[in-house]
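Student: Structure below; questions to follow.
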Amino acid sequence: MYVYQQIREMSEYNRGRLLWSMTSRGIENAWLISGEGYKLSSMERDAVAGRRMTMRGDIEEALEEYGWNEEEEDDDDDDDDDDDDDESVDEDEYELDEEKKYNAVLYEGRAANIPSKWLNRFQKVFYKAPRDKMFTKDEPYQVVTFRGRVPLRGLGKRVLRDKFPLYFSTSDANISSDRMKIENTMEYVDPLALYYSSEYLKFRAPGEVSDLTGKMETKERKTSLPVKWPPVVANVFPFDNLTDYVRPLGPGVIVGNGFRGESQTTFLKFLLVRADYLDAERKSPKLNKLEK
């Protein structure tokens, strides 16, 4: 929890620098350090962090900062008119407009133990899945899941983007606990797990129709974040049977561990930092001029 508090005291600029300054060994150690916080109870963790210390809390806090309103989103889903102003653009042009509301959150990521910066860079973008029509807005319990994809960076950015969009869907985040256990390793992790297998990809990409879904969803989803949304397709090896588990390391800073298959074989560890932190301005201390 000491590390979480120290990252909370950092400026957004310095949080963004963690993506470049942390080594592969540092990312692996960050996974272990973030797990130490689960020795505290949920109430103790929330009290120390000053907020809901979960991945869901991190995403929703970012959406609030972006001005996104869930009730307005639900109202838009009930309307038949589509707004063409929210058309996604190339992620190379990623830059947030302070006067615009965004309904998705982008994280920049770096994988551990992959030597080249052309191969170890990626992004993860999350948006909140539409409300299940089985539940009314006033239902006390609502299934809360997030969907998204992994836009590749470096060499794979242009060539592989449309062929391997790497979509995922998360577990239900609307639970009272701030933790769950990985069955194989018995490690405590955040309850928000990211699933890449086909059985979890029964949805449409924003504005696209998935070959996996047919007519399961008829309402087009659109995101205002400048990220491309290719059609949803089944992920290929080694992402076809991948599950990512995450742990909050600090506000807007997440460390993750990917596992493959039912045997839960470790795939790779990674670090995520909110993308807008990388664009934050450096706040230098003011210097007092000495009078002669």
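Every chain in the structure tokens has a letter given in the order shown (A, B, ...), and although residue numbers restart at 1 in each chain, ligands are simply numbered from 1 in the order shown.
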Pick out the residues sitting within 8 Å of Arg247 in chain A, and hand them over as a PyMOL selection string; count only C-alpha atoms, and ignore anything fewer than 6 positions along from it in its own chain.
Tutor: chain A and resi 31+34-35+54-55+189-190+254-256
Student: To one decimal place in Å, what is the distance between CA of Leu278 in chain A and CA of Asn103 in chain A?
Tutor: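 Between CA of Leu278 in chain A and CA of Asn103 in chain A the gap is 19.1 Å.
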Student: What's the 7 Å shell around range 140-155 of chain A, counting only C-alpha atoms, without same-chain residues fewer than 6 positions away, as a list in words?
Tutor: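 Counting only C-alpha atoms, the residues come to Trp118, Leu119, Arg121, Phe122, Gln123, Lys124, Val125, Phe126, Tyr127, Lys128, Ala129, Arg161, Pro165, Leu166, Tyr167, Phe168, Ser169, Thr170, Ser171, Asp172, Ala173 and Asn174 of chain A.
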Student: So what do you get for CA of Val246 in chain A versus CA of Arg179 in chain A, distance-wise?
Tutor: 10.2 Å
Student: Counting only C-alpha atoms, figure out which residue out of A:Ala30, A:Trp20, A:Met1, A:Leu225 gets nearest to Glu44 in chain A.
Tutor: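 The answer is A:Met1, which sits nearest to Glu44 in chain A.
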Student: Contacts of range 111-115 of chain A at 9 Å or less, counting only C-alpha atoms, minus same-chain residues fewer than 6 places along, as a PyMOL selection string?
Tutor: chain A and resi 23-28+121-122+268-271
Student: Measure the distance from CA of Glu36 in chain A to CA of Tyr277 in chain A in Å and round it to one decimal.
Tutor: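 These atoms are spaced 25.3 Å apart.
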Student: When distances are computed from only C-alpha atoms, which of A:Ala234, A:Val227, A:Ala193, A:Met53 shows the smallest separation from Pro206 in chain A?
Tutor: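 Checking each of A:Ala234, A:Val227, A:Ala193, A:Met53 against Pro206 in chain A, counting only C-alpha atoms, the winner is A:Val227.
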Student: If we count only C-alpha atoms and set the cut-off at 10 Å, which residues sit around Gly37 in chain A, ignoring sequence neighbours fewer than 3 positions away in its own chain? Please answer as a VMD selection string.
Tutor: chain A and resid 1 to 4 32 to 34 40 to 42 44 to 45 188 247 to 249
Student: Those same residues, written as a PDB file, in the first residue's frame with N, CA and C atoms?
Tutor:
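selection12.pdb was written with the following content:
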ATOM      1  N   MET A   1       0.824  -1.206   0.000  1.00  0.00           N
ATOM      2  CA  MET A   1       0.000   0.000   0.000  1.00  0.00           C
ATOM      3  C   MET A   1       0.862   1.262   0.000  1.00  0.00           C
ATOM      4  N   TYR A   2       2.091   1.141   0.493  1.00  0.00           N
ATOM      5  CA  TYR A   2       2.998   2.291   0.490  1.00  0.00           C
ATOM      6  C   TYR A   2       3.269   2.738  -0.947  1.00  0.00           C
ATOM      7  N   VAL A   3       3.476   1.773  -1.857  1.00  0.00           N
ATOM      8  CA  VAL A   3       3.738   2.108  -3.256  1.00  0.00           C
ATOM      9  C   VAL A   3       2.527   2.804  -3.864  1.00  0.00           C
ATOM     10  N   TYR A   4       1.318   2.307  -3.562  1.00  0.00           N
ATOM     11  CA  TYR A   4       0.104   2.928  -4.087  1.00  0.00           C
ATOM     12  C   TYR A   4       0.003   4.383  -3.626  1.00  0.00           C
ATOM     13  N   LEU A  32       4.279  -8.579  -7.712  1.00  0.00           N
ATOM     14  CA  LEU A  32       4.366  -9.123  -6.351  1.00  0.00           C
ATOM     15  C   LEU A  32       3.999  -8.066  -5.312  1.00  0.00           C
ATOM     16  N   ILE A  33       4.498  -6.844  -5.524  1.00  0.00           N
ATOM     17  CA  ILE A  33       4.230  -5.769  -4.558  1.00  0.00           C
ATOM     18  C   ILE A  33       2.743  -5.439  -4.509  1.00  0.00           C
ATOM     19  N   SER A  34       2.108  -5.381  -5.680  1.00  0.00           N
ATOM     20  CA  SER A  34       0.684  -5.054  -5.699  1.00  0.00           C
ATOM     21  C   SER A  34      -0.143  -6.138  -5.012  1.00  0.00           C
ATOM     22  N   LEU A  40      -4.513  -6.725   3.424  1.00  0.00           N
ATOM     23  CA  LEU A  40      -5.456  -5.870   4.143  1.00  0.00           C
ATOM     24  C   LEU A  40      -6.879  -6.211   3.725  1.00  0.00           C
ATOM     25  N   SER A  41      -7.843  -5.866   4.567  1.00  0.00           N
ATOM     26  CA  SER A  41      -9.244  -6.077   4.211  1.00  0.00           C
ATOM     27  C   SER A  41      -9.662  -5.067   3.148  1.00  0.00           C
ATOM     28  N   SER A  42     -10.822  -5.299   2.550  1.00  0.00           N
ATOM     29  CA  SER A  42     -11.326  -4.386   1.522  1.00  0.00           C
ATOM     30  C   SER A  42     -11.530  -2.985   2.072  1.00  0.00           C
ATOM     31  N   GLU A  44      -9.987  -1.615   4.642  1.00  0.00           N
ATOM     32  CA  GLU A  44      -8.681  -1.008   4.918  1.00  0.00           C
ATOM     33  C   GLU A  44      -8.024  -0.514   3.634  1.00  0.00           C
ATOM     34  N   ARG A  45      -8.137  -1.301   2.563  1.00  0.00           N
ATOM     35  CA  ARG A  45      -7.553  -0.895   1.284  1.00  0.00           C
ATOM     36  C   ARG A  45      -8.221   0.374   0.756  1.00  0.00           C
ATOM     37  N   TYR A 188      -4.270 -13.672  -5.026  1.00  0.00           N
ATOM     38  CA  TYR A 188      -5.363 -12.703  -5.057  1.00  0.00           C
ATOM     39  C   TYR A 188      -5.122 -11.700  -6.172  1.00  0.00           C
ATOM     40  N   ARG A 247      -3.898  -6.082 -11.270  1.00  0.00           N
ATOM     41  CA  ARG A 247      -3.858  -5.550  -9.917  1.00  0.00           C
ATOM     42  C   ARG A 247      -3.548  -4.058  -9.993  1.00  0.00           C
ATOM     43  N   PRO A 248      -4.278  -3.211  -9.279  1.00  0.00           N
ATOM     44  CA  PRO A 248      -3.943  -1.788  -9.248  1.00  0.00           C
ATOM     45  C   PRO A 248      -2.624  -1.560  -8.514  1.00  0.00           C
ATOM     46  N   LEU A 249      -1.701  -0.868  -9.166  1.00  0.00           N
ATOM     47  CA  LEU A 249      -0.440  -0.498  -8.535  1.00  0.00           C
ATOM     48  C   LEU A 249      -0.503   0.918  -7.995  1.00  0.00           C
TER      49      LEU A 249
END
Student: As a PyMOL selection string, list the residues of range 118-200 of chain A assigned to strand (DSSP E) by DSSP on the backbone atoms of this structure.
Tutor: chain A and resi 121-128+146-149+167-170+180-181+188-189+194-195
Student: Would you export the selected residues with C-alpha atoms as a PDB file, in the first residue's frame, please?
Tutor:
ATOM      1  CA  ARG A 121       4.438  -1.916 -26.865  1.00  0.00           C
ATOM      2  CA  PHE A 122       0.647  -2.175 -27.023  1.00  0.00           C
ATOM      3  CA  GLN A 123      -2.515  -0.439 -25.897  1.00  0.00           C
ATOM      4  CA  LYS A 124      -5.694  -1.589 -24.172  1.00  0.00           C
ATOM      5  CA  VAL A 125      -8.897   0.355 -24.643  1.00  0.00           C
ATOM      6  CA  PHE A 126     -11.972  -0.204 -22.442  1.00  0.00           C
ATOM      7  CA  TYR A 127     -15.569   0.866 -22.878  1.00  0.00           C
ATOM      8  CA  LYS A 128     -18.546  -0.023 -20.744  1.00  0.00           C
ATOM      9  CA  PHE A 146     -16.288  -3.836 -19.973  1.00  0.00           C
ATOM     10  CA  ARG A 147     -15.251  -4.625 -23.518  1.00  0.00           C
ATOM     11  CA  GLY A 148     -12.334  -3.507 -25.596  1.00  0.00           C
ATOM     12  CA  ARG A 149      -9.415  -4.454 -27.752  1.00  0.00           C
ATOM     13  CA  TYR A 167     -10.896  -8.054 -28.685  1.00  0.00           C
ATOM     14  CA  PHE A 168     -11.675  -9.015 -25.103  1.00  0.00           C
ATOM     15  CA  SER A 169     -14.540  -8.950 -22.634  1.00  0.00           C
ATOM     16  CA  THR A 170     -14.283  -8.782 -18.865  1.00  0.00           C
ATOM     17  CA  MET A 180     -10.695 -13.003  -6.382  1.00  0.00           C
ATOM     18  CA  LYS A 181      -8.266 -15.934  -6.517  1.00  0.00           C
ATOM     19  CA  TYR A 188      -5.363 -12.703  -5.057  1.00  0.00           C
ATOM     20  CA  VAL A 189      -6.116 -10.458  -8.015  1.00  0.00           C
ATOM     21  CA  LEU A 194      -9.956  -9.941 -19.285  1.00  0.00           C
ATOM     22  CA  TYR A 195     -11.012 -12.897 -21.449  1.00  0.00           C
TER      23      TYR A 195
END
Student: With only C-alpha atoms as the counted atoms, please give the residues lying no more than 10 Å from Pro251 in chain A, apart from itself and same-chain residues fewer than 4 positions off, as a PyMOL selection string.
Tutor: chain A and resi 4-5+7-10+12+15+49+51+53-55+57-59+61-62+273-274
Student: Once you have the residues from the selection above, write them out as a short mmCIF file (atom, residue, chain, number, x, y, z; two decimals), in the first residue's frame, restricted to N, CA and C atoms.
Tutor:
data_model
loop_
_atom_site.label_atom_id
_atom_site.label_comp_id
_atom_site.auth_asym_id
_atom_site.auth_seq_id
_atom_site.Cartn_x
_atom_site.Cartn_y
_atom_site.Cartn_z
N TYR A 4 1.32 2.31 -3.56
CA TYR A 4 0.10 2.93 -4.09
C TYR A 4 0.00 4.38 -3.63
N GLN A 5 0.29 4.61 -2.35
CA GLN A 5 0.23 5.98 -1.82
C GLN A 5 1.26 6.88 -2.48
N ILE A 7 2.55 6.56 -5.51
CA ILE A 7 2.13 6.85 -6.89
C ILE A 7 0.99 7.85 -6.90
N ARG A 8 0.12 7.77 -5.90
CA ARG A 8 -0.98 8.73 -5.81
C ARG A 8 -0.47 10.14 -5.62
N GLU A 9 0.66 10.28 -4.93
CA GLU A 9 1.23 11.61 -4.70
C GLU A 9 1.97 12.14 -5.93
N MET A 10 2.25 11.28 -6.90
CA MET A 10 2.96 11.71 -8.10
C MET A 10 2.06 12.57 -8.98
N GLU A 12 0.64 13.50 -12.78
CA GLU A 12 0.28 12.64 -13.91
C GLU A 12 1.47 12.45 -14.85
N ARG A 15 3.66 9.77 -13.37
CA ARG A 15 3.03 8.45 -13.49
C ARG A 15 3.23 7.91 -14.90
N ALA A 49 -6.32 3.91 0.21
CA ALA A 49 -6.26 4.44 -1.15
C ALA A 49 -7.10 5.70 -1.33
N ARG A 51 -10.15 5.69 -2.25
CA ARG A 51 -11.07 5.42 -3.36
C ARG A 51 -11.29 3.92 -3.45
N MET A 53 -10.46 0.68 -4.65
CA MET A 53 -9.18 0.23 -5.18
C MET A 53 -9.37 -1.00 -6.06
N THR A 54 -10.01 -0.80 -7.22
CA THR A 54 -10.23 -1.87 -8.18
C THR A 54 -10.01 -1.33 -9.59
N MET A 55 -9.90 -2.23 -10.55
CA MET A 55 -9.78 -1.84 -11.94
C MET A 55 -11.05 -1.14 -12.41
N GLY A 57 -13.02 0.65 -10.55
CA GLY A 57 -12.97 1.99 -10.00
C GLY A 57 -12.04 2.90 -10.77
N ASP A 58 -10.93 2.35 -11.26
CA ASP A 58 -9.97 3.14 -12.02
C ASP A 58 -10.57 3.58 -13.36
N ILE A 59 -11.25 2.66 -14.05
CA ILE A 59 -11.85 3.00 -15.34
C ILE A 59 -12.97 4.01 -15.16
N GLU A 61 -13.47 6.11 -12.75
CA GLU A 61 -12.94 7.41 -12.34
C GLU A 61 -12.44 8.19 -13.56
N ALA A 62 -11.77 7.48 -14.49
CA ALA A 62 -11.31 8.13 -15.72
C ALA A 62 -12.49 8.61 -16.56
N VAL A 273 -0.54 2.07 -18.14
CA VAL A 273 -0.61 3.44 -17.63
C VAL A 273 -1.63 4.20 -18.48
N ARG A 274 -2.49 4.97 -17.84
CA ARG A 274 -3.48 5.73 -18.60
C ARG A 274 -2.79 6.59 -19.65
#
